[in-house]
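Visitor: Input structure_13.txt, format and content: compact mmCIF, C-alpha atoms and all ligand atoms.
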# COMPACT_ATOMS: atom_id res chain seq x y z
CA MET A 7 -10.67 25.56 -41.95
CA GLY A 8 -8.46 27.57 -39.61
CA ARG A 9 -9.28 31.00 -38.31
CA ALA A 10 -6.89 32.54 -40.83
CA ASN A 11 -4.27 31.57 -43.40
CA LYS A 12 -1.53 34.06 -43.01
CA VAL A 13 -1.14 36.15 -39.87
CA VAL A 14 1.13 39.05 -38.93
CA LEU A 15 1.80 38.81 -35.20
CA ALA A 16 3.01 41.72 -33.04
CA TYR A 17 6.09 40.21 -31.42
CA SER A 18 8.11 41.19 -28.37
CA GLY A 19 10.22 38.08 -27.79
CA GLY A 20 8.54 37.38 -24.45
CA VAL A 21 6.94 34.09 -23.45
CA ASP A 22 3.38 35.03 -24.38
CA THR A 23 4.03 36.32 -27.87
CA SER A 24 6.44 33.43 -28.55
CA VAL A 25 3.85 30.85 -27.52
CA CYS A 26 1.35 32.60 -29.80
CA ILE A 27 3.35 31.34 -32.79
CA PRO A 28 2.82 27.56 -32.31
CA TYR A 29 -0.59 28.19 -30.78
CA LEU A 30 -1.87 30.00 -33.86
CA LYS A 31 -0.68 27.15 -36.05
CA GLN A 32 -1.58 24.13 -33.90
CA GLU A 33 -4.85 25.26 -32.36
CA TRP A 34 -6.21 27.76 -34.83
CA GLY A 35 -5.01 26.25 -38.12
CA VAL A 36 -2.93 29.21 -39.28
CA LYS A 37 -0.60 28.23 -42.13
CA GLU A 38 1.94 31.03 -41.99
CA VAL A 39 3.00 33.30 -39.14
CA ILE A 40 4.91 36.49 -39.85
CA THR A 41 6.20 38.13 -36.68
CA LEU A 42 6.78 41.85 -36.43
CA ALA A 43 8.91 43.35 -33.67
CA ALA A 44 8.74 47.12 -33.32
CA ASP A 45 11.74 49.07 -32.15
CA LEU A 46 10.30 51.91 -30.09
CA GLY A 47 13.55 52.75 -28.37
CA GLN A 48 12.95 50.20 -25.60
CA GLY A 49 16.66 49.40 -25.60
CA ASP A 50 16.29 45.69 -26.34
CA GLU A 51 18.62 44.07 -28.78
CA LEU A 52 16.39 43.14 -31.67
CA GLU A 53 18.52 40.63 -33.58
CA PRO A 54 18.14 37.91 -30.89
CA ILE A 55 14.41 38.64 -30.83
CA ARG A 56 14.22 38.32 -34.62
CA LEU A 57 15.98 34.95 -34.43
CA LYS A 58 13.86 33.75 -31.53
CA ALA A 59 10.70 34.22 -33.59
CA LEU A 60 12.16 32.00 -36.31
CA SER A 61 13.20 29.30 -33.87
CA SER A 62 9.70 29.47 -32.34
CA GLY A 63 8.24 28.56 -35.71
CA ALA A 64 7.61 31.84 -37.55
CA GLU A 65 7.95 31.67 -41.33
CA VAL A 66 9.08 35.29 -41.57
CA SER A 67 10.47 37.51 -38.82
CA LEU A 68 10.41 41.28 -39.32
CA VAL A 69 11.93 44.08 -37.27
CA ARG A 70 10.94 47.71 -37.84
CA ASP A 71 12.66 50.66 -36.21
CA VAL A 72 9.93 53.25 -35.75
CA THR A 73 11.44 55.16 -32.83
CA ALA A 74 11.76 58.46 -34.70
CA GLU A 75 8.21 58.25 -36.03
CA PHE A 76 6.98 57.33 -32.56
CA VAL A 77 8.38 60.49 -31.01
CA ARG A 78 7.59 62.86 -33.89
CA ASP A 79 4.08 61.74 -34.78
CA TYR A 80 2.76 60.33 -31.50
CA ALA A 81 4.63 61.75 -28.49
CA PHE A 82 5.04 65.33 -29.74
CA PRO A 83 1.35 65.86 -30.58
CA ALA A 84 0.56 64.55 -27.09
CA ILE A 85 2.97 67.10 -25.60
CA GLN A 86 1.31 69.86 -27.62
CA ALA A 87 -1.96 68.70 -26.08
CA ASN A 88 -0.44 68.41 -22.57
CA THR A 89 -2.07 65.00 -22.26
CA LEU A 90 -2.04 63.49 -18.79
CA TYR A 91 -4.62 60.74 -18.29
CA GLU A 92 -6.46 61.32 -15.03
CA ASN A 93 -4.16 64.28 -14.55
CA ARG A 94 -1.03 62.19 -14.10
CA TYR A 95 -0.18 59.48 -16.63
CA PRO A 96 1.64 60.84 -19.71
CA LEU A 97 0.38 57.89 -21.82
CA SER A 98 3.84 56.50 -22.56
CA THR A 99 2.51 52.98 -23.20
CA ALA A 100 -0.80 54.00 -24.73
CA LEU A 101 0.84 56.16 -27.41
CA ALA A 102 2.82 53.22 -28.81
CA ARG A 103 -0.23 51.10 -29.60
CA PRO A 104 -1.67 52.98 -32.58
CA LEU A 105 1.78 53.02 -34.19
CA ILE A 106 2.27 49.27 -33.70
CA ALA A 107 -1.23 48.76 -35.13
CA LYS A 108 -0.27 50.84 -38.16
CA ILE A 109 2.84 48.82 -38.99
CA LEU A 110 0.93 45.56 -38.44
CA VAL A 111 -1.69 46.66 -40.96
CA GLU A 112 1.02 47.76 -43.41
CA ALA A 113 2.85 44.44 -43.08
CA ALA A 114 -0.41 42.55 -43.58
CA ALA A 115 -0.95 44.40 -46.87
CA GLU A 116 2.64 43.84 -47.94
CA TYR A 117 2.56 40.08 -47.25
CA GLY A 118 -1.06 39.47 -48.26
CA ALA A 119 -2.07 38.34 -44.76
CA ASP A 120 -5.74 37.92 -43.91
CA ALA A 121 -5.31 38.58 -40.18
CA VAL A 122 -3.12 40.26 -37.61
CA ALA A 123 -2.55 39.09 -34.04
CA HIS A 124 -1.32 40.36 -30.70
CA GLY A 125 -0.51 38.80 -27.33
CA CYS A 126 -2.73 40.96 -25.09
CA THR A 127 -4.90 39.41 -22.42
CA GLY A 128 -8.53 40.29 -21.87
CA LYS A 129 -8.06 42.54 -18.86
CA GLY A 130 -6.08 45.47 -20.12
CA ASN A 131 -6.38 48.58 -22.22
CA ASP A 132 -3.84 47.50 -24.81
CA GLN A 133 -6.15 44.93 -26.43
CA VAL A 134 -8.70 47.70 -26.97
CA ARG A 135 -6.12 50.05 -28.46
CA PHE A 136 -4.85 47.39 -30.87
CA ASP A 137 -8.25 46.09 -31.94
CA VAL A 138 -9.82 49.50 -32.46
CA SER A 139 -6.77 51.00 -34.20
CA ILE A 140 -6.54 48.02 -36.56
CA ALA A 141 -10.25 48.26 -37.31
CA ALA A 142 -9.87 51.96 -38.09
CA LEU A 143 -6.98 51.35 -40.49
CA ASN A 144 -8.39 48.25 -42.20
CA PRO A 145 -11.84 47.11 -41.10
CA ASN A 146 -11.54 43.99 -43.29
CA LEU A 147 -8.62 42.52 -41.38
CA LYS A 148 -9.31 39.88 -38.76
CA VAL A 149 -7.68 40.43 -35.37
CA LEU A 150 -6.64 37.33 -33.43
CA ALA A 151 -5.79 37.50 -29.75
CA PRO A 152 -4.78 33.99 -28.61
CA ALA A 153 -3.84 35.01 -25.04
CA ARG A 154 -7.31 36.47 -24.58
CA GLU A 155 -8.80 33.03 -25.21
CA TRP A 156 -6.35 30.31 -24.29
CA GLY A 157 -6.93 30.43 -20.55
CA MET A 158 -3.48 29.06 -19.67
CA SER A 159 -1.69 30.04 -16.47
CA ARG A 160 1.88 31.31 -16.64
CA GLU A 161 3.22 27.79 -15.91
CA GLU A 162 0.92 26.19 -18.50
CA THR A 163 1.97 28.76 -21.09
CA ILE A 164 5.65 28.01 -20.48
CA ALA A 165 4.98 24.24 -20.62
CA TYR A 166 3.02 24.62 -23.88
CA GLY A 167 5.92 26.59 -25.38
CA GLU A 168 8.45 23.95 -24.32
CA LYS A 169 6.57 21.32 -26.33
CA PHE A 170 7.33 23.39 -29.41
CA GLY A 171 10.93 24.20 -28.62
CA ILE A 172 10.40 27.59 -27.03
CA PRO A 173 12.93 27.85 -24.21
CA SER A 174 11.45 28.74 -20.84
CA PRO A 175 12.78 32.01 -19.41
CA VAL A 176 16.35 31.49 -18.21
CA LYS A 177 16.20 33.62 -15.12
CA LYS A 178 13.29 33.36 -12.75
CA SER A 179 11.01 35.71 -14.54
CA SER A 180 10.28 39.01 -12.83
CA PRO A 181 7.09 39.16 -10.79
CA TYR A 182 6.24 42.42 -12.56
CA SER A 183 4.53 43.11 -15.86
CA ILE A 184 6.62 45.75 -17.56
CA ASP A 185 6.10 47.66 -20.77
CA ARG A 186 8.93 49.82 -21.99
CA ASN A 187 9.69 52.20 -24.82
CA LEU A 188 11.71 55.40 -25.27
CA LEU A 189 9.03 57.43 -23.49
CA GLY A 190 9.12 55.41 -20.32
CA ARG A 191 8.28 52.29 -18.35
CA SER A 192 4.95 50.99 -17.03
CA ILE A 193 5.19 48.57 -14.13
CA GLU A 194 2.35 46.46 -12.76
CA ALA A 195 1.66 43.28 -10.76
CA GLY A 196 3.58 41.46 -8.04
CA ILE A 197 3.70 43.30 -4.74
CA LEU A 198 2.45 46.46 -6.52
CA GLU A 199 -1.05 44.96 -6.58
CA ASP A 200 -1.24 45.86 -2.90
CA ALA A 201 -2.20 49.51 -3.17
CA TRP A 202 -0.87 50.19 0.32
CA SER A 203 2.65 48.86 -0.12
CA GLU A 204 5.43 51.20 -1.18
CA PRO A 205 7.02 50.21 -4.50
CA PRO A 206 10.40 48.56 -3.93
CA GLU A 207 13.29 50.64 -5.24
CA GLU A 208 14.39 47.77 -7.54
CA ILE A 209 11.50 48.34 -9.95
CA TYR A 210 12.89 51.69 -11.11
CA LEU A 211 15.41 51.92 -13.94
CA LEU A 212 15.06 55.38 -15.44
CA THR A 213 14.77 57.44 -12.27
CA LYS A 214 17.11 57.68 -9.29
CA ALA A 215 16.01 57.55 -5.68
CA ILE A 216 16.17 61.01 -4.11
CA ALA A 217 18.87 59.72 -1.75
CA ASP A 218 21.10 59.08 -4.76
CA THR A 219 20.52 62.32 -6.66
CA PRO A 220 23.16 65.05 -6.93
CA ASP A 221 23.36 67.76 -4.28
CA GLU A 222 23.70 70.41 -6.98
CA PRO A 223 20.82 71.35 -9.27
CA THR A 224 20.99 71.13 -13.06
CA TYR A 225 19.52 73.96 -15.14
CA THR A 226 18.32 73.14 -18.65
CA GLU A 227 16.80 75.44 -21.24
CA ILE A 228 14.23 73.82 -23.52
CA THR A 229 13.40 75.59 -26.78
CA PHE A 230 9.99 75.01 -28.35
CA GLU A 231 8.84 75.87 -31.86
CA ARG A 232 5.09 75.78 -32.40
CA GLY A 233 4.75 73.66 -29.30
CA VAL A 234 7.42 71.14 -30.34
CA PRO A 235 10.66 70.84 -28.34
CA VAL A 236 13.60 71.41 -30.71
CA ALA A 237 16.68 72.35 -28.68
CA LEU A 238 18.34 71.87 -25.28
CA ASP A 239 20.50 74.70 -23.96
CA GLY A 240 20.42 76.23 -27.42
CA ASN A 241 21.63 73.12 -29.24
CA ALA A 242 19.30 71.50 -31.78
CA ARG A 243 18.12 68.01 -30.88
CA SER A 244 16.31 65.46 -33.01
CA PRO A 245 13.05 64.23 -31.48
CA VAL A 246 14.68 60.99 -30.32
CA GLU A 247 17.73 62.79 -28.88
CA MET A 248 15.42 65.22 -27.09
CA ILE A 249 13.59 62.45 -25.24
CA ALA A 250 16.71 60.39 -24.53
CA GLU A 251 18.68 63.33 -23.16
CA LEU A 252 15.85 64.67 -21.01
CA ASN A 253 15.17 61.18 -19.66
CA ALA A 254 18.78 61.08 -18.51
CA ILE A 255 18.84 64.59 -17.00
CA ALA A 256 15.45 64.44 -15.29
CA GLY A 257 15.73 60.78 -14.28
CA GLY A 258 19.15 61.48 -12.80
CA HIS A 259 17.48 63.97 -10.44
CA GLY A 260 14.70 61.56 -9.53
CA VAL A 261 12.07 63.33 -11.64
CA GLY A 262 9.33 61.41 -13.47
CA ARG A 263 8.07 58.73 -11.08
CA ILE A 264 4.32 58.26 -10.89
CA ASP A 265 2.47 55.95 -8.49
CA MET A 266 -1.27 56.06 -9.09
CA MET A 267 -4.57 54.27 -8.96
CA GLU A 268 -5.91 54.26 -12.49
CA ASN A 269 -9.31 53.60 -14.04
CA ARG A 270 -8.96 51.19 -16.94
CA LEU A 271 -11.35 51.28 -19.85
CA VAL A 272 -12.47 47.74 -19.02
CA GLY A 273 -13.89 49.03 -15.76
CA ILE A 274 -11.33 47.94 -13.20
CA LYS A 275 -9.06 50.07 -11.08
CA SER A 276 -5.39 49.17 -11.09
CA ARG A 277 -2.30 50.35 -9.31
CA GLU A 278 0.20 51.62 -11.84
CA ILE A 279 3.78 52.74 -11.54
CA TYR A 280 5.29 54.80 -14.32
CA GLU A 281 8.65 56.29 -15.06
CA ALA A 282 8.46 58.86 -17.83
CA PRO A 283 10.94 61.62 -16.98
CA ALA A 284 11.16 63.43 -20.33
CA MET A 285 7.40 63.37 -20.97
CA VAL A 286 6.61 64.73 -17.52
CA VAL A 287 9.10 67.58 -17.91
CA LEU A 288 8.18 68.43 -21.50
CA ILE A 289 4.48 68.65 -20.71
CA GLN A 290 5.18 70.84 -17.68
CA ALA A 291 7.49 73.13 -19.66
CA HIS A 292 5.17 73.26 -22.67
CA ARG A 293 2.21 74.18 -20.52
CA ASP A 294 4.24 76.96 -18.94
CA LEU A 295 5.18 78.37 -22.33
CA GLU A 296 1.50 78.31 -23.30
CA SER A 297 0.66 80.35 -20.24
CA LEU A 298 3.03 83.01 -21.58
CA THR A 299 1.93 82.94 -25.22
CA LEU A 300 -1.77 82.01 -25.32
CA THR A 301 -4.63 84.35 -24.53
CA SER A 302 -6.44 83.41 -21.35
CA ASP A 303 -9.61 82.26 -23.09
CA LEU A 304 -7.74 80.00 -25.54
CA ALA A 305 -5.60 78.51 -22.75
CA GLN A 306 -8.63 77.82 -20.58
CA TYR A 307 -10.74 76.39 -23.40
CA LYS A 308 -7.83 74.17 -24.43
CA ARG A 309 -7.79 72.48 -21.02
CA GLY A 310 -11.09 70.79 -21.79
CA ILE A 311 -9.88 69.68 -25.22
CA GLU A 312 -6.73 68.27 -23.63
CA ASP A 313 -8.71 66.16 -21.24
CA THR A 314 -10.84 64.72 -24.04
CA TYR A 315 -7.72 64.14 -26.15
CA ALA A 316 -5.98 62.28 -23.30
CA LYS A 317 -8.99 60.05 -22.76
CA MET A 318 -9.18 59.28 -26.46
CA ILE A 319 -5.54 58.18 -26.52
CA TYR A 320 -6.05 56.09 -23.41
CA ASN A 321 -9.25 54.53 -24.74
CA GLY A 322 -7.82 53.49 -28.10
CA LEU A 323 -9.37 56.17 -30.32
CA TRP A 324 -6.18 57.59 -31.84
CA TYR A 325 -7.54 56.98 -35.35
CA SER A 326 -10.96 58.55 -35.19
CA PRO A 327 -12.75 61.55 -36.66
CA LEU A 328 -13.03 63.38 -33.34
CA LYS A 329 -9.32 62.96 -32.72
CA THR A 330 -8.57 64.34 -36.20
CA ALA A 331 -10.81 67.33 -35.57
CA LEU A 332 -9.18 68.01 -32.20
CA ASP A 333 -5.77 67.77 -33.90
CA ALA A 334 -6.76 70.71 -36.08
CA PHE A 335 -7.69 72.74 -33.01
CA ILE A 336 -4.49 71.86 -31.20
CA GLN A 337 -2.23 72.58 -34.18
CA SER A 338 -3.89 75.94 -34.70
CA SER A 339 -3.43 76.79 -31.02
CA GLN A 340 0.32 76.14 -31.28
CA GLU A 341 1.09 78.73 -33.95
CA ARG A 342 2.82 81.07 -31.50
CA VAL A 343 3.87 78.61 -28.79
CA SER A 344 7.55 79.23 -29.47
CA GLY A 345 10.19 80.26 -26.98
CA VAL A 346 12.46 79.01 -24.24
CA VAL A 347 11.66 77.53 -20.84
CA ARG A 348 14.28 77.27 -18.12
CA VAL A 349 13.97 74.22 -15.89
CA LYS A 350 15.76 73.54 -12.61
CA PHE A 351 16.18 69.86 -11.68
CA PHE A 352 16.82 69.15 -8.04
CA LYS A 353 15.92 66.38 -5.58
CA GLY A 354 12.94 64.91 -7.41
CA ASN A 355 11.60 68.23 -8.65
CA ALA A 356 11.56 69.86 -12.04
CA THR A 357 10.77 73.51 -11.41
CA ILE A 358 10.18 76.05 -14.14
CA VAL A 359 12.26 79.05 -13.12
CA GLY A 360 12.06 81.18 -16.28
CA ARG A 361 10.35 81.52 -19.64
CA LYS A 362 10.66 83.85 -22.64
CA SER A 363 9.15 84.15 -26.10
CA ALA A 364 9.13 86.49 -29.07
CA TYR A 365 5.35 86.01 -28.89
CA SER A 366 5.04 86.68 -25.18
CA LEU A 367 1.73 88.30 -24.24
CA TYR A 368 3.16 89.35 -20.89
CA ASP A 369 3.48 93.14 -20.66
CA GLU A 370 5.69 94.18 -17.79
CA ASP A 371 4.50 97.80 -18.01
CA LEU A 372 0.96 96.60 -17.39
CA ALA A 373 1.88 94.20 -14.59
CA THR A 374 4.44 96.29 -12.73
CA TYR A 375 3.95 97.88 -9.31
CA THR A 376 6.66 100.45 -10.05
CA SER A 377 6.24 103.94 -11.53
CA ALA A 378 6.55 102.45 -15.03
CA ASP A 379 2.93 101.34 -14.62
CA ARG A 380 0.75 102.03 -17.70
CA PHE A 381 -2.40 100.37 -16.36
CA ASP A 382 -5.36 102.78 -16.03
CA HIS A 383 -6.41 102.34 -12.42
CA LYS A 384 -9.46 104.58 -12.77
CA ALA A 385 -10.84 102.33 -15.50
CA ALA A 386 -10.88 99.47 -13.00
CA GLU A 387 -13.55 101.23 -10.93
CA GLY A 388 -16.09 101.41 -13.77
CA PHE A 389 -15.26 97.87 -14.82
CA ILE A 390 -15.93 96.53 -11.32
CA TYR A 391 -19.20 98.50 -11.10
CA VAL A 392 -20.51 96.73 -14.22
CA TRP A 393 -18.92 93.33 -13.49
CA GLY A 394 -20.33 93.26 -9.98
CA MET A 395 -23.81 94.47 -10.99
CA PRO A 396 -25.59 91.07 -10.96
CA THR A 397 -24.10 90.20 -7.57
CA ARG A 398 -25.02 93.60 -6.09
CA VAL A 399 -28.61 93.35 -7.36
CA TRP A 400 -28.89 89.79 -6.04
CA ALA A 401 -27.60 90.79 -2.60
CA GLN A 402 -30.04 93.70 -2.40
CA LYS A 403 -33.01 91.54 -3.36
CA MET A 404 -32.02 88.85 -0.85
CA ARG A 405 -32.06 91.45 1.90
CA GLY A 406 -35.44 92.75 0.76
CA ASP A 407 -33.92 96.26 0.13
N1 LIG B 1 -2.02 50.94 -17.60
C1 LIG B 1 -1.12 51.45 -18.62
C2 LIG B 1 -1.90 51.72 -19.88
O1 LIG B 1 -2.98 51.24 -20.03
C3 LIG B 1 0.06 50.55 -18.82
C4 LIG B 1 -0.18 49.28 -19.52
C5 LIG B 1 1.04 48.45 -19.48
N2 LIG B 1 0.96 47.39 -20.46
C6 LIG B 1 1.54 46.23 -20.29
N3 LIG B 1 1.39 45.37 -21.22
N4 LIG B 1 2.23 45.94 -19.20
O2 LIG B 1 -1.44 52.44 -20.71
Let me see the structure of the file written as structure tokens.
Ligand code: ARG

Guide:
Amino acid sequence: MGRANKVVLAYSGGVDTSVCIPYLKQEWGVKEVITLAADLGQGDELEPIRLKALSSGAEVSLVRDVTAEFVRDYAFPAIQANTLYENRYPLSTALARPLIAKILVEAAAEYGADAVAHGCTGKGNDQVRFDVSIAALNPNLKVLAPAREWGMSREETIAYGEKFGIPSPVKKSSPYSIDRNLLGRSIEAGILEDAWSEPPEEIYLLTKAIADTPDEPTYTEITFERGVPVALDGNARSPVEMIAELNAIAGGHGVGRIDMMENRLVGIKSREIYEAPAMVVLIQAHRDLESLTLTSDLAQYKRGIEDTYAKMIYNGLWYSPLKTALDAFIQSSQERVSGVVRVKFFKGNATIVGRKSAYSLYDEDLATYTSADRFDHKAAEGFIYVWGMPTRVWAQKMRGD
């Protein structure tokens, strides 16, 4: 008896997921492997990947373009929640996992599979995100993770694949481990494992080095409706167009690089490089619009929710009751987060230089220092008397007055 009969395998076309195909059949007795490649706007050509799965021994090879759904249902809610894991990482890789899990579970139902599989190793966050998301969507499905168990080195993996007709990588494979989708790139390993060494320029694809950025700034106006970005410079943009165009503008000015030490869920620290220009800018702009349109108590309370929400995405809890409850809070908070934010891109910086909204809570006549001032200065005196009472009493008692 094998571990499963029919398996839907998350497939990228790389060495590991390709080797999973013969491995599942030879070592674990799987009868039928259905591969599923997700198009998340990573820019790969998917037809060669679809064919590679078949030549690696898959019975069925599926490709699903879920880029639009990815941006609309995963990235945009994260922008509304201003999610930055450990204050910096816009979760560009993490957000893709629950969606891949969802289409795996759907394909398993469609093809009557009794298990799904992925090529994650045992050291990362992605295995957690897949396993927990799949369990949330169908707790009766088995999850197989061959690369977590096979214990083969890179060379051994390639040699194993060659026995079953999987070509070894043509070019000397990159020393880096890279994950890519429309939202950005995550780069690990190689020289980057030395936390002291500066990342070589060659690892970046979506962001220019400051030395190569234009000497003139670009100004872009981003329109939000209920916390969702909908237009650039007044022209409507689909969710996918919005991300693609902002990646190009911001990346062209060297905006969106992140170099950080990160705490993984599995307890280890790792050095991570990210490029996520559009996400970085959209979160910054969205947060600015909130500061114009939300009351101070709602904005401040929301910061705590955002932090929890970011951790939940990072830790694989996208499909969970707490996440659903927080979604309700966040959606309610966005009712009047509509307006326009003006961003200046220049030499590695995205600076918010203007914001406006029909729902602005900013009252110039209250804030002004000119004669238009409507603020009641006398009222401030009584307010401060009451506000400062506990401190005054405390100070008197401390002095023994
Ligand atoms: N550390 C990041 C995260 O957990 C990036 C993971 C990159 N994944 C990969 N398979 N290279 O979201």

Visitor: Give the answer as one residue: which of A:Ser62, A:Gln32, A:Thr301, A:Ser344 has the shortest atom-to-atom distance to Val236 in chain A, using only C-alpha atoms?

Guide: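 Comparing A:Ser62, A:Gln32, A:Thr301, A:Ser344 against Val236 in chain A, the winner is A:Ser344.
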
Visitor: Taking all atoms listed in the file into account, which residues are within 10 Å of ligand LIG 1 (chain B), as a PyMOL selection string?

Guide: chain A and resi 91+95-103+125-127+130-135+182-186+191-195+266-271+275-280+319-322

Visitor: Got a sec: who's within 10 Å of range 358-375 of chain A, counting only C-alpha atoms, leaving out chain neighbours fewer than 5 positions off, as number ranges by chain?

Guide: A: 225-230, 287, 290-291, 294-302, 341-351, 380-382

Visitor: Have a look at A:Met318, A:Ala282, A:Ile255, A:Val261 and name the one nearest to Thr330 in chain A; count only C-alpha atoms.

Guide: A:Met318

Visitor: What is the distance between CA of Ile106 in chain A and CA of Pro28 in chain A, in Å to one decimal?

Guide: 21.8 Å

Visitor: Would you list the contacts of Glu155 in chain A as a PyMOL selection string, taking every protein, DNA or RNA residue within 12 Å and counting only C-alpha atoms, but skipping same-chain residues closer than 4 positions in sequence?

Guide: chain A and resi 26+29-30+33-34+124-129+150-151+159
